[in-house]
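Below is start_15.cif, holding mmCIF, C-alpha atoms and all ligand atoms.
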data_protein
loop_
_atom_site.label_atom_id
_atom_site.label_comp_id
_atom_site.auth_asym_id
_atom_site.auth_seq_id
_atom_site.Cartn_x
_atom_site.Cartn_y
_atom_site.Cartn_z
CA MET U 1 17.42 -36.21 -34.40
CA PRO U 2 16.91 -35.12 -30.76
CA PRO U 3 20.09 -35.27 -28.65
CA THR U 4 20.72 -38.60 -26.93
CA ILE U 5 19.53 -38.74 -23.33
CA THR U 6 22.06 -40.37 -21.04
CA LEU U 7 21.89 -41.77 -17.53
CA ALA U 8 24.01 -38.81 -16.43
CA ASP U 9 21.34 -36.45 -17.82
CA CYS U 10 18.71 -38.25 -15.76
CA ARG U 11 20.82 -38.03 -12.61
CA GLN U 12 21.17 -34.33 -13.26
CA MET U 13 17.39 -33.99 -13.44
CA ASP U 14 17.12 -35.83 -10.12
CA GLN U 15 19.48 -33.35 -8.53
CA GLN U 16 17.27 -30.48 -9.62
CA ASP U 17 14.05 -32.18 -8.53
CA SER U 18 12.25 -30.25 -5.76
CA LEU U 19 10.33 -33.41 -4.78
CA ALA U 20 13.45 -35.60 -4.49
CA ALA U 21 13.40 -35.64 -0.68
CA PHE U 22 10.03 -37.43 -0.60
CA ARG U 23 11.69 -40.64 -1.79
CA ASP U 24 13.26 -41.17 1.63
CA ARG U 25 9.84 -40.97 3.21
CA PHE U 26 8.99 -44.36 1.69
CA VAL U 27 10.07 -47.90 2.34
CA LEU U 28 11.44 -49.00 -1.04
CA PRO U 29 12.98 -52.37 -1.83
CA ALA U 30 16.71 -52.05 -2.55
CA ASP U 31 16.69 -54.25 -5.63
CA ARG U 32 13.43 -53.31 -7.31
CA LEU U 33 11.63 -50.25 -8.66
CA ASN U 34 7.89 -49.79 -8.20
CA PHE U 35 6.45 -48.85 -11.59
CA ASP U 36 3.15 -50.19 -10.36
CA GLY U 37 2.28 -47.51 -7.82
CA ASN U 38 -0.89 -46.91 -9.80
CA SER U 39 -1.99 -50.34 -8.64
CA LEU U 40 -0.39 -50.56 -5.19
CA GLY U 41 1.38 -47.45 -3.96
CA SER U 42 4.54 -47.86 -1.87
CA LEU U 43 4.62 -47.81 1.92
CA PRO U 44 5.22 -44.41 3.58
CA ARG U 45 7.63 -44.82 6.49
CA GLN U 46 5.41 -42.84 8.83
CA THR U 47 2.60 -45.35 8.24
CA ILE U 48 4.53 -48.02 10.14
CA GLU U 49 4.64 -45.82 13.21
CA ARG U 50 1.03 -44.72 12.86
CA LEU U 51 -0.11 -48.31 12.65
CA GLN U 52 1.99 -49.21 15.63
CA THR U 53 0.37 -46.48 17.69
CA CYS U 54 -3.06 -47.42 16.42
CA THR U 55 -2.60 -51.07 17.30
CA GLU U 56 -0.54 -50.98 20.49
CA GLU U 57 -1.91 -47.89 22.18
CA GLU U 58 -5.34 -47.30 20.72
CA TRP U 59 -6.53 -50.85 20.17
CA GLY U 60 -4.28 -52.56 22.73
CA ASN U 61 -4.65 -50.17 25.58
CA ASP U 62 -7.56 -47.81 25.00
CA LEU U 63 -9.81 -50.51 23.56
CA ILE U 64 -13.40 -49.47 22.94
CA SER U 65 -12.96 -45.96 24.31
CA SER U 66 -10.89 -45.28 21.16
CA TRP U 67 -14.13 -44.82 19.22
CA SER U 68 -14.57 -41.49 20.98
CA GLN U 69 -11.19 -40.76 22.60
CA ASN U 70 -8.99 -41.48 19.58
CA GLY U 71 -11.34 -40.20 16.90
CA TRP U 72 -12.17 -43.58 15.41
CA PHE U 73 -15.86 -42.87 15.00
CA GLU U 74 -15.44 -39.66 13.00
CA ALA U 75 -12.47 -41.00 11.01
CA PRO U 76 -14.40 -41.68 7.75
CA VAL U 77 -15.58 -38.06 7.58
CA ARG U 78 -12.42 -36.52 9.04
CA VAL U 79 -10.16 -38.29 6.54
CA GLY U 80 -12.68 -37.55 3.78
CA ASN U 81 -12.27 -33.86 4.56
CA LYS U 82 -8.50 -34.22 4.30
CA LEU U 83 -8.84 -35.86 0.89
CA ALA U 84 -11.36 -33.28 -0.36
CA PRO U 85 -8.86 -30.64 -1.61
CA LEU U 86 -7.18 -33.25 -3.82
CA ILE U 87 -10.37 -33.57 -5.86
CA GLY U 88 -11.79 -30.07 -5.53
CA ALA U 89 -14.53 -31.11 -3.11
CA ARG U 90 -15.84 -29.05 -0.22
CA GLU U 91 -15.91 -29.93 3.45
CA GLY U 92 -18.57 -32.55 4.13
CA GLU U 93 -18.77 -33.93 0.60
CA VAL U 94 -16.36 -36.87 0.88
CA ILE U 95 -16.47 -39.96 3.04
CA ILE U 96 -13.91 -42.75 3.30
CA THR U 97 -15.78 -46.02 3.30
CA ASP U 98 -16.06 -49.46 1.73
CA SER U 99 -14.41 -50.41 -1.57
CA VAL U 100 -14.71 -48.56 -4.87
CA SER U 101 -16.99 -51.33 -6.10
CA VAL U 102 -19.41 -50.99 -3.19
CA ASN U 103 -19.38 -47.21 -3.50
CA ILE U 104 -20.20 -47.45 -7.20
CA PHE U 105 -23.26 -49.49 -6.30
CA LYS U 106 -24.26 -46.98 -3.62
CA ALA U 107 -23.81 -44.03 -6.00
CA LEU U 108 -25.73 -45.77 -8.80
CA CYS U 109 -28.66 -46.45 -6.48
CA ALA U 110 -28.60 -42.91 -5.11
CA ALA U 111 -28.48 -41.37 -8.58
CA VAL U 112 -31.26 -43.59 -9.89
CA SER U 113 -33.43 -42.72 -6.90
CA LEU U 114 -33.02 -39.02 -7.74
CA GLN U 115 -34.31 -39.68 -11.28
CA PRO U 116 -37.69 -41.42 -10.81
CA ASP U 117 -38.80 -40.89 -14.42
CA ARG U 118 -35.67 -42.22 -16.09
CA HIS U 119 -34.78 -45.88 -16.49
CA GLU U 120 -31.52 -46.08 -18.33
CA ILE U 121 -28.07 -46.42 -16.82
CA LEU U 122 -25.22 -45.75 -19.23
CA SER U 123 -21.51 -46.43 -19.52
CA GLU U 124 -18.90 -47.17 -22.17
CA SER U 125 -17.37 -50.46 -23.27
CA GLY U 126 -13.83 -50.94 -22.03
CA ASN U 127 -14.60 -49.19 -18.75
CA PHE U 128 -13.01 -50.83 -15.70
CA PRO U 129 -14.78 -54.20 -15.33
CA THR U 130 -16.11 -53.68 -11.81
CA ASP U 131 -17.98 -50.56 -12.96
CA LEU U 132 -19.71 -52.51 -15.74
CA TYR U 133 -20.41 -55.55 -13.57
CA LEU U 134 -22.08 -53.43 -10.90
CA MET U 135 -24.34 -51.82 -13.48
CA GLU U 136 -25.29 -55.26 -14.75
CA GLY U 137 -25.93 -56.42 -11.19
CA LEU U 138 -28.16 -53.47 -10.41
CA ALA U 139 -30.10 -53.83 -13.67
CA GLY U 140 -30.60 -57.52 -12.91
CA LEU U 141 -31.93 -56.74 -9.46
CA SER U 142 -34.30 -54.14 -10.85
CA ARG U 143 -35.66 -56.65 -13.41
CA ARG U 144 -36.60 -58.91 -10.54
CA LEU U 145 -38.11 -56.15 -8.44
CA ASN U 146 -40.00 -54.35 -11.16
CA ARG U 147 -40.78 -56.46 -14.22
CA ASP U 148 -42.81 -53.72 -15.90
CA ARG U 149 -40.32 -50.91 -15.58
CA PRO U 150 -36.83 -52.25 -14.92
CA LEU U 151 -33.61 -50.31 -15.31
CA VAL U 152 -32.01 -50.74 -18.72
CA ASN U 153 -28.26 -51.17 -18.70
CA ARG U 154 -26.58 -49.65 -21.77
CA VAL U 155 -22.88 -50.03 -22.45
CA VAL U 156 -21.91 -48.34 -25.73
CA ASP U 157 -18.77 -47.55 -27.72
CA PRO U 158 -16.72 -44.76 -26.11
CA GLU U 159 -17.21 -42.52 -29.18
CA THR U 160 -20.98 -42.71 -28.96
CA VAL U 161 -21.55 -42.19 -25.22
CA ILE U 162 -22.33 -38.50 -25.47
CA ASP U 163 -24.82 -38.95 -28.30
CA THR U 164 -26.49 -41.89 -26.59
CA MET U 165 -27.56 -39.78 -23.64
CA SER U 166 -31.21 -38.79 -23.77
CA GLU U 167 -34.14 -37.83 -21.57
CA LYS U 168 -34.36 -41.54 -20.71
CA THR U 169 -30.90 -41.64 -19.18
CA ALA U 170 -30.85 -41.49 -15.40
CA VAL U 171 -27.13 -41.75 -14.83
CA LEU U 172 -23.86 -41.92 -16.71
CA LEU U 173 -20.98 -43.81 -15.09
CA LEU U 174 -17.51 -43.02 -16.46
CA THR U 175 -13.91 -43.40 -15.36
CA GLN U 176 -11.86 -40.24 -15.80
CA VAL U 177 -8.43 -41.82 -16.39
CA HIS U 178 -8.63 -45.07 -18.32
CA TYR U 179 -6.96 -47.95 -16.49
CA LYS U 180 -5.31 -49.35 -19.61
CA THR U 181 -4.49 -46.40 -21.81
CA ALA U 182 -4.29 -43.58 -19.21
CA GLU U 183 -6.45 -41.46 -21.52
CA VAL U 184 -8.03 -38.59 -19.56
CA LYS U 185 -11.62 -37.62 -20.15
CA ASP U 186 -12.77 -34.03 -20.03
CA LEU U 187 -14.68 -34.18 -16.78
CA VAL U 188 -16.00 -30.63 -16.95
CA THR U 189 -17.34 -30.76 -20.50
CA ILE U 190 -18.89 -34.22 -20.20
CA THR U 191 -20.57 -33.33 -16.92
CA GLU U 192 -21.97 -30.17 -18.49
CA LYS U 193 -23.32 -32.04 -21.53
CA ALA U 194 -24.94 -34.61 -19.28
CA HIS U 195 -26.53 -31.95 -17.11
CA ASP U 196 -27.95 -30.21 -20.20
CA LEU U 197 -29.94 -33.40 -20.76
CA GLY U 198 -30.80 -33.85 -17.09
CA VAL U 199 -28.41 -36.79 -16.70
CA LEU U 200 -26.51 -37.28 -13.44
CA VAL U 201 -22.87 -38.38 -13.65
CA ILE U 202 -20.82 -40.68 -11.44
CA TRP U 203 -17.07 -40.23 -11.97
CA ASP U 204 -14.73 -43.05 -11.09
CA LEU U 205 -11.56 -41.25 -10.03
CA SER U 206 -9.56 -44.36 -9.09
CA HIS U 207 -6.68 -43.48 -11.40
CA SER U 208 -7.08 -39.72 -10.93
CA VAL U 209 -6.93 -39.06 -7.21
CA GLY U 210 -3.41 -38.17 -6.10
CA SER U 211 -2.24 -38.23 -9.72
CA ILE U 212 -3.91 -35.40 -11.63
CA PRO U 213 -5.64 -32.25 -10.41
CA VAL U 214 -9.43 -32.68 -10.28
CA ASP U 215 -11.93 -29.92 -9.55
CA LEU U 216 -15.31 -31.47 -8.80
CA GLU U 217 -16.78 -28.22 -7.58
CA ALA U 218 -15.91 -26.33 -10.76
CA ALA U 219 -17.41 -29.20 -12.78
CA LYS U 220 -20.62 -29.11 -10.70
CA ALA U 221 -20.13 -32.85 -10.30
CA ASP U 222 -22.82 -35.06 -8.79
CA PHE U 223 -21.11 -38.21 -7.51
CA ALA U 224 -17.59 -39.61 -7.56
CA VAL U 225 -15.72 -42.60 -6.20
CA GLY U 226 -12.03 -43.45 -6.03
CA CYS U 227 -9.33 -45.67 -4.73
CA GLY U 228 -7.17 -45.41 -1.60
CA TYR U 229 -4.43 -47.93 -2.36
CA LYS U 230 -3.17 -46.57 -5.68
CA PHE U 231 -1.68 -43.07 -5.89
CA LEU U 232 -2.70 -42.23 -2.31
CA ASN U 233 -0.39 -44.92 -0.93
CA GLY U 234 -3.01 -46.07 1.56
CA GLY U 235 -1.96 -49.73 1.65
CA PRO U 236 -3.43 -52.97 0.29
CA GLY U 237 -7.21 -52.92 0.37
CA ALA U 238 -7.32 -49.38 1.76
CA PRO U 239 -10.91 -48.14 1.96
CA ALA U 240 -12.19 -46.07 -0.95
CA PHE U 241 -13.92 -42.70 -1.02
CA LEU U 242 -17.35 -41.58 -2.05
CA TYR U 243 -18.12 -37.99 -3.01
CA VAL U 244 -21.70 -36.73 -3.01
CA ALA U 245 -22.30 -33.07 -3.89
CA HIS U 246 -23.95 -31.17 -1.05
CA ARG U 247 -27.03 -30.46 -3.19
CA HIS U 248 -27.81 -34.18 -3.55
CA GLN U 249 -27.15 -35.36 -0.02
CA ALA U 250 -30.52 -34.73 1.58
CA ASN U 251 -32.50 -36.42 -1.21
CA ALA U 252 -30.24 -39.39 -1.89
CA ASN U 253 -31.53 -42.11 0.37
CA PRO U 254 -28.97 -44.84 0.94
CA VAL U 255 -29.93 -48.29 -0.31
CA LEU U 256 -27.27 -49.88 1.86
CA ALA U 257 -28.94 -48.38 4.89
CA GLY U 258 -26.53 -49.64 7.51
CA TRP U 259 -26.62 -48.69 11.15
CA MET U 260 -23.50 -46.52 10.88
CA GLY U 261 -25.31 -44.23 8.44
CA HIS U 262 -28.22 -43.76 10.84
CA ARG U 263 -28.85 -40.32 12.29
CA ASP U 264 -28.21 -41.71 15.76
CA PRO U 265 -26.60 -45.17 15.55
CA PHE U 266 -26.47 -45.63 19.29
CA ALA U 267 -30.17 -45.00 19.74
CA PHE U 268 -30.64 -48.53 18.35
CA THR U 269 -34.10 -47.83 16.98
CA ASP U 270 -35.96 -50.31 14.73
CA ASP U 271 -36.58 -47.78 12.00
CA TYR U 272 -33.97 -46.20 9.80
CA GLN U 273 -33.44 -42.45 9.78
CA PRO U 274 -30.52 -41.44 7.59
CA ALA U 275 -27.98 -38.98 8.92
CA ALA U 276 -28.53 -35.49 7.53
CA ASP U 277 -25.06 -35.25 6.00
CA ILE U 278 -22.50 -37.35 4.10
CA SER U 279 -22.44 -39.79 7.05
CA ARG U 280 -25.59 -41.40 5.66
CA PHE U 281 -23.32 -43.14 3.15
CA ARG U 282 -21.56 -45.03 5.90
CA VAL U 283 -22.71 -48.63 6.01
CA GLY U 284 -20.99 -50.67 8.70
CA THR U 285 -18.13 -50.29 11.13
CA PRO U 286 -15.12 -48.64 9.46
CA PRO U 287 -11.83 -50.61 9.12
CA ILE U 288 -9.78 -48.46 11.47
CA LEU U 289 -6.38 -49.99 10.81
CA SER U 290 -6.72 -49.54 7.04
CA LEU U 291 -8.19 -46.09 7.48
CA THR U 292 -5.25 -45.08 9.67
CA ALA U 293 -2.83 -46.21 6.98
CA LEU U 294 -4.76 -44.30 4.34
CA GLU U 295 -4.83 -41.15 6.46
CA SER U 296 -1.07 -41.36 6.75
CA GLY U 297 -0.70 -41.67 2.96
CA ILE U 298 -2.97 -38.66 2.41
CA ASP U 299 -1.12 -36.63 5.05
CA LEU U 300 2.16 -37.29 3.29
CA MET U 301 0.75 -36.26 -0.07
CA LEU U 302 -0.68 -33.05 1.41
CA GLU U 303 2.86 -31.96 2.28
CA THR U 304 3.21 -31.06 -1.39
CA ASP U 305 0.54 -30.00 -3.86
CA ILE U 306 -1.09 -31.86 -6.67
CA GLN U 307 0.05 -29.40 -9.35
CA THR U 308 3.71 -29.91 -8.41
CA LEU U 309 3.20 -33.68 -8.43
CA ARG U 310 1.53 -33.53 -11.81
CA THR U 311 4.32 -31.43 -13.31
CA LYS U 312 6.96 -33.96 -12.25
CA ALA U 313 4.79 -36.91 -13.30
CA LEU U 314 4.45 -35.45 -16.78
CA ALA U 315 8.19 -34.87 -17.01
CA LEU U 316 8.83 -38.49 -15.95
CA SER U 317 6.34 -39.90 -18.42
CA ARG U 318 7.66 -37.74 -21.27
CA LEU U 319 11.14 -39.00 -20.42
CA PHE U 320 9.83 -42.57 -20.46
CA MET U 321 8.38 -42.13 -23.94
CA GLU U 322 11.47 -40.34 -25.28
CA LEU U 323 13.78 -43.04 -23.95
CA MET U 324 11.56 -45.72 -25.44
CA GLU U 325 11.99 -44.08 -28.83
CA GLN U 326 15.69 -43.75 -28.28
CA GLN U 327 16.43 -47.25 -26.92
CA CYS U 328 13.59 -49.50 -28.01
CA ALA U 329 12.34 -48.14 -31.33
CA SER U 330 13.20 -51.32 -33.21
CA HIS U 331 11.60 -53.68 -30.69
CA GLY U 332 7.94 -53.53 -31.70
CA PHE U 333 6.38 -51.56 -28.83
CA GLN U 334 3.31 -49.50 -29.64
CA LEU U 335 2.45 -46.61 -27.36
CA VAL U 336 -1.20 -46.92 -26.36
CA SER U 337 -1.27 -43.87 -24.07
CA PRO U 338 -1.92 -40.44 -25.56
CA LYS U 339 1.28 -38.56 -26.36
CA GLU U 340 -0.23 -35.22 -25.54
CA ASP U 341 0.35 -34.35 -21.86
CA ALA U 342 -3.12 -33.01 -21.16
CA ARG U 343 -4.74 -36.21 -22.39
CA ARG U 344 -2.51 -38.63 -20.47
CA GLY U 345 -2.98 -39.55 -16.80
CA GLY U 346 -0.52 -41.13 -14.39
CA HIS U 347 0.79 -44.10 -16.31
CA VAL U 348 2.32 -44.95 -19.65
CA SER U 349 1.19 -48.07 -21.50
CA TYR U 350 2.63 -49.98 -24.42
CA PHE U 351 1.23 -52.79 -26.47
CA HIS U 352 3.53 -55.61 -27.50
CA GLU U 353 2.66 -59.00 -28.96
CA GLU U 354 4.96 -60.57 -26.38
CA GLY U 355 3.72 -58.26 -23.63
CA HIS U 356 3.24 -60.99 -21.07
CA GLY U 357 6.72 -62.48 -21.44
CA ILE U 358 8.28 -59.02 -21.38
CA TYR U 359 6.38 -58.12 -18.22
CA GLN U 360 7.74 -61.26 -16.53
CA ALA U 361 11.28 -60.78 -17.81
CA ILE U 362 11.61 -57.17 -16.61
CA LYS U 363 10.18 -58.23 -13.25
CA ARG U 364 13.11 -60.62 -12.98
CA ARG U 365 15.32 -57.60 -13.60
CA GLY U 366 13.69 -55.69 -10.74
CA ILE U 367 11.19 -53.59 -12.68
CA ILE U 368 7.73 -53.98 -11.20
CA SER U 369 5.11 -53.08 -13.79
CA ASP U 370 1.84 -54.77 -14.62
CA TYR U 371 0.20 -56.50 -17.50
CA ARG U 372 -3.32 -55.99 -18.78
CA THR U 373 -4.61 -58.42 -21.34
CA PRO U 374 -4.28 -58.33 -24.32
CA GLY U 375 -0.64 -57.35 -24.62
CA VAL U 376 -0.62 -54.14 -22.59
CA LEU U 377 2.31 -53.29 -20.30
CA ARG U 378 1.55 -50.50 -17.83
CA PHE U 379 4.13 -48.33 -16.13
CA GLY U 380 2.77 -46.31 -13.21
CA ILE U 381 4.39 -42.90 -12.80
CA THR U 382 4.47 -41.91 -9.15
CA PRO U 383 6.45 -38.69 -8.66
CA LEU U 384 6.73 -38.97 -4.88
CA TYR U 385 9.18 -41.86 -5.06
CA LEU U 386 10.29 -42.40 -8.65
CA ARG U 387 13.44 -40.77 -9.99
CA TYR U 388 14.38 -39.80 -13.52
CA ALA U 389 17.22 -42.32 -13.24
CA ASP U 390 14.64 -45.00 -12.37
CA VAL U 391 12.89 -44.31 -15.66
CA TYR U 392 16.21 -44.77 -17.39
CA ALA U 393 16.69 -48.10 -15.60
CA ALA U 394 13.22 -49.31 -16.60
CA VAL U 395 13.75 -48.55 -20.28
CA GLU U 396 17.22 -50.13 -20.15
CA ALA U 397 15.68 -53.27 -18.69
CA LEU U 398 13.17 -53.34 -21.54
CA ARG U 399 15.93 -52.90 -24.10
CA GLU U 400 18.05 -55.70 -22.66
CA VAL U 401 15.09 -58.04 -22.35
CA MET U 402 14.30 -57.45 -26.03
CA GLN U 403 17.88 -57.64 -27.21
CA ASN U 404 18.55 -60.94 -25.39
CA ARG U 405 15.06 -62.34 -26.07
CA GLU U 406 14.64 -62.87 -22.32
CA TRP U 407 10.87 -62.76 -22.76
CA ASP U 408 10.99 -65.98 -24.74
CA ARG U 409 10.98 -68.52 -21.92
CA GLU U 410 8.54 -71.33 -21.76
CA GLU U 411 7.53 -70.50 -18.19
CA TYR U 412 6.36 -67.03 -19.33
CA GLN U 413 3.86 -68.48 -21.78
CA VAL U 414 1.51 -69.33 -18.94
CA ARG U 415 -0.38 -66.25 -17.83
CA ALA U 416 -0.14 -65.72 -14.10
CA SER U 417 -3.58 -65.62 -12.46
CA ILE U 418 -2.80 -62.24 -10.91
CA THR U 419 -0.96 -59.66 -12.98
C1 LIG U 501 -8.67 -49.90 -9.18
C2 LIG U 501 -10.02 -49.54 -9.69
C3 LIG U 501 -11.16 -49.96 -9.01
C4 LIG U 501 -11.01 -50.81 -7.79
O1 LIG U 501 -12.20 -51.19 -7.20
P1 LIG U 501 -12.16 -51.94 -5.80
O2 LIG U 501 -13.57 -52.19 -5.48
O3 LIG U 501 -11.48 -51.03 -4.83
O4 LIG U 501 -11.37 -53.19 -5.97
C5 LIG U 501 -12.39 -49.54 -9.50
N1 LIG U 501 -12.48 -48.77 -10.61
C6 LIG U 501 -11.39 -48.38 -11.30
C7 LIG U 501 -11.53 -47.52 -12.50
C8 LIG U 501 -10.12 -48.76 -10.86
O5 LIG U 501 -9.04 -48.39 -11.53
#
Could you write out this file's structure as structure tokens?
Ligand SMILES: *Cc1c(COP(=O)(O)O)cnc(C)c1O
Amino acid sequence: MPPTITLADCRQMDQQDSLAAFRDRFVLPADRLNFDGNSLGSLPRQTIERLQTCTEEEWGNDLISSWSQNGWFEAPVRVGNKLAPLIGAREGEVIITDSVSVNIFKALCAAVSLQPDRHEILSESGNFPTDLYLMEGLAGLSRRLNRDRPLVNRVVDPETVIDTMSEKTAVLLLTQVHYKTAEVKDLVTITEKAHDLGVLVIWDLSHSVGSIPVDLEAAKADFAVGCGYKFLNGGPGAPAFLYVAHRHQANANPVLAGWMGHRDPFAFTDDYQPAADISRFRVGTPPILSLTALESGIDLMLETDIQTLRTKALALSRLFMELMEQQCASHGFQLVSPKEDARRGGHVSYFHEEGHGIYQAIKRRGIISDYRTPGVLRFGITPLYLRYADVYAAVEALREVMQNREWDREEYQVRASIT
């Protein structure tokens, strides 16, 4: 039997935590703990001030001159360059723009256009829904545009993805950290296997960026997309990022050929000439307020380094799993995340038959988690603002909810429309 872990032990770990001071850099509700920072990261204090400056001074006073004077126009590329080291990208390979969904569509179109002799687009079942829907949407469009040679959308079992790739496959779209299980895919090996067959890969890094170290350059990655409002703490609906390797930029012609991606937007010409660099993946006018908030979140994260964050996140998630065994072993939870550190991303998930009621009941006790049907409770592990003692509190809440059958209320039987 391992020794019992107490709340005092957890407090001790907090005292020795080199990242502890970051907690005060966030606005955190006094009566609740955010174990859902993998879905909506908490608010960095400095973001309030940045937004105030951006609204009052830049928008309010400087008005349209802010596009040049306050760096608004270059912001998508400037902030992309700040984000680049977090994913092992080089200067000029990342742009902050649009949503993840829109960027997936843009990357799919770009990849397909680089592969004129291949007609299959491939992903795995259980991938994040938007990824699969966008593939279906693109394949549907291509059926209408080219009845003789449309794109074929293939979504196969995760175990068979690698073997399904062939000389027909144009592009493989995969998510590195699975949104339900937190299972981490081997980005380097899969990319290499795809390249051996001439397949381009788009990596969805929504649950990776700001959570686990990623090295796109070492992997010789082609395209990647990811989320600004999760681990990067960029705020609700923060714009996403798109990564395009330098070697693909000149040949990947944007399908969403908006004026902001033109070589010279203010020449207002009738014909479209894409910008020579990553800017060609801009579409329309960037959302400056959201981008400002995201830049602030990235700046805060860059005050530490991703390896240090990862080390603490793993310690927190190991503690979570150990405490679950210690306090909740008899309550029917099944761990759905990999136990092995290297294979687990930034959240810990459990299946429980009564998952939905439990999710609601711990929320009432101040533990914000989320619920993914069927039966999966997710706990986001965000080392910038979660303490070891918070993990203890979350597992205690679970134990009490189970012990007192607090999940068993009639009102919890109805699934909320947003979980
Ligand atoms: C959160 C998430 C998205 C979000 O897409 P949006 O278009 O920004 O809503 C996409 N893919 C994955 C894997 C995600 O986890």
Residues within 9 Å of ligand LIG 501 (chain U), counting all atoms listed in the file, as a compact mmCIF listing (two decimals) with C-alpha atoms, in the frame of the given file:
# COMPACT_ATOMS: atom_id res chain seq x y z
CA ASN U 38 -0.89 -46.91 -9.80
CA SER U 39 -1.99 -50.34 -8.64
CA ASP U 98 -16.06 -49.46 1.73
CA SER U 99 -14.41 -50.41 -1.57
CA VAL U 100 -14.71 -48.56 -4.87
CA SER U 101 -16.99 -51.33 -6.10
CA VAL U 102 -19.41 -50.99 -3.19
CA ASN U 103 -19.38 -47.21 -3.50
CA ILE U 104 -20.20 -47.45 -7.20
CA ASN U 127 -14.60 -49.19 -18.75
CA PHE U 128 -13.01 -50.83 -15.70
CA PRO U 129 -14.78 -54.20 -15.33
CA THR U 130 -16.11 -53.68 -11.81
CA ASP U 131 -17.98 -50.56 -12.96
CA LEU U 174 -17.51 -43.02 -16.46
CA THR U 175 -13.91 -43.40 -15.36
CA GLN U 176 -11.86 -40.24 -15.80
CA VAL U 177 -8.43 -41.82 -16.39
CA HIS U 178 -8.63 -45.07 -18.32
CA TYR U 179 -6.96 -47.95 -16.49
CA LYS U 180 -5.31 -49.35 -19.61
CA ASP U 204 -14.73 -43.05 -11.09
CA LEU U 205 -11.56 -41.25 -10.03
CA SER U 206 -9.56 -44.36 -9.09
CA HIS U 207 -6.68 -43.48 -11.40
CA SER U 208 -7.08 -39.72 -10.93
CA VAL U 225 -15.72 -42.60 -6.20
CA GLY U 226 -12.03 -43.45 -6.03
CA CYS U 227 -9.33 -45.67 -4.73
CA GLY U 228 -7.17 -45.41 -1.60
CA TYR U 229 -4.43 -47.93 -2.36
CA LYS U 230 -3.17 -46.57 -5.68
CA GLY U 237 -7.21 -52.92 0.37
CA ALA U 238 -7.32 -49.38 1.76
CA PRO U 239 -10.91 -48.14 1.96
CA ALA U 240 -12.19 -46.07 -0.95
Who sits within 7 Å of region 311-320 of chain U, only C-alpha atoms, same chain under 4 positions skipped, as an MDAnalysis selection string: chainID U and resid 307 324 341 346 348 381:383 388 391
Go ahead and save the residues from that selection, with C-alpha atoms, as an mmCIF file, in the frame of the given file.
data_model
loop_
_atom_site.group_PDB
_atom_site.id
_atom_site.type_symbol
_atom_site.label_atom_id
_atom_site.label_comp_id
_atom_site.auth_asym_id
_atom_site.auth_seq_id
_atom_site.Cartn_x
_atom_site.Cartn_y
_atom_site.Cartn_z
ATOM 1 C CA GLN U 307 0.050 -29.400 -9.350
ATOM 2 C CA MET U 324 11.560 -45.720 -25.440
ATOM 3 C CA ASP U 341 0.350 -34.350 -21.860
ATOM 4 C CA GLY U 346 -0.520 -41.130 -14.390
ATOM 5 C CA VAL U 348 2.320 -44.950 -19.650
ATOM 6 C CA ILE U 381 4.390 -42.900 -12.800
ATOM 7 C CA THR U 382 4.470 -41.910 -9.150
ATOM 8 C CA PRO U 383 6.450 -38.690 -8.660
ATOM 9 C CA TYR U 388 14.380 -39.800 -13.520
ATOM 10 C CA VAL U 391 12.890 -44.310 -15.660
#
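Using only C-alpha atoms, the smallest distance between any of U:Asn233, U:Asn34, U:Ser349, U:Thr191 and Lys220 (chain U) comes from U:Thr191.
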Report as a compact mmCIF listing (two decimals) with C-alpha atoms, keeping the file's coordinate frame all protein, DNA and RNA residues lying within 10 Å of Lys339 (chain U), evaluated on all atoms listed in the file, omitting residues in the same chain fewer than 3 positions from it.
# COMPACT_ATOMS: atom_id res chain seq x y z
CA GLU U 183 -6.45 -41.46 -21.52
CA SER U 317 6.34 -39.90 -18.42
CA ARG U 318 7.66 -37.74 -21.27
CA MET U 321 8.38 -42.13 -23.94
CA LEU U 335 2.45 -46.61 -27.36
CA VAL U 336 -1.20 -46.92 -26.36
CA ALA U 342 -3.12 -33.01 -21.16
CA ARG U 343 -4.74 -36.21 -22.39
CA ARG U 344 -2.51 -38.63 -20.47
CA VAL U 348 2.32 -44.95 -19.65
Determine, counting all atoms listed in the file, which protein, DNA and RNA residues have an atom within 10 Å of an atom of Met260 (chain U); residues of the same chain fewer than 5 positions away are not included. Present the result as a PyMOL selection string. chain U and resi 73+265-266+274-275+279-286
Near region 147-151 of chain U, within 6 Å and counting all atoms listed in the file, which residues show up once chain neighbours fewer than 2 positions away are dropped, as an MDAnalysis selection string? chainID U and resid 119:120 139 142:143
Would you put the residues from that selection into a file with C-alpha atoms, as an mmCIF file, keeping the file's coordinate frame?
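again10.cif, written as the output of this step:
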data_model
loop_
_atom_site.group_PDB
_atom_site.id
_atom_site.type_symbol
_atom_site.label_atom_id
_atom_site.label_comp_id
_atom_site.auth_asym_id
_atom_site.auth_seq_id
_atom_site.Cartn_x
_atom_site.Cartn_y
_atom_site.Cartn_z
ATOM 1 C CA HIS U 119 -34.780 -45.880 -16.490
ATOM 2 C CA GLU U 120 -31.520 -46.080 -18.330
ATOM 3 C CA ALA U 139 -30.100 -53.830 -13.670
ATOM 4 C CA SER U 142 -34.300 -54.140 -10.850
ATOM 5 C CA ARG U 143 -35.660 -56.650 -13.410
#
Shell of 9 Å around Leu173 (chain U), only C-alpha atoms, local chain residues under 5 positions omitted, as a PyMOL selection string: chain U and resi 104+108+121-124+131-132+135+200-204
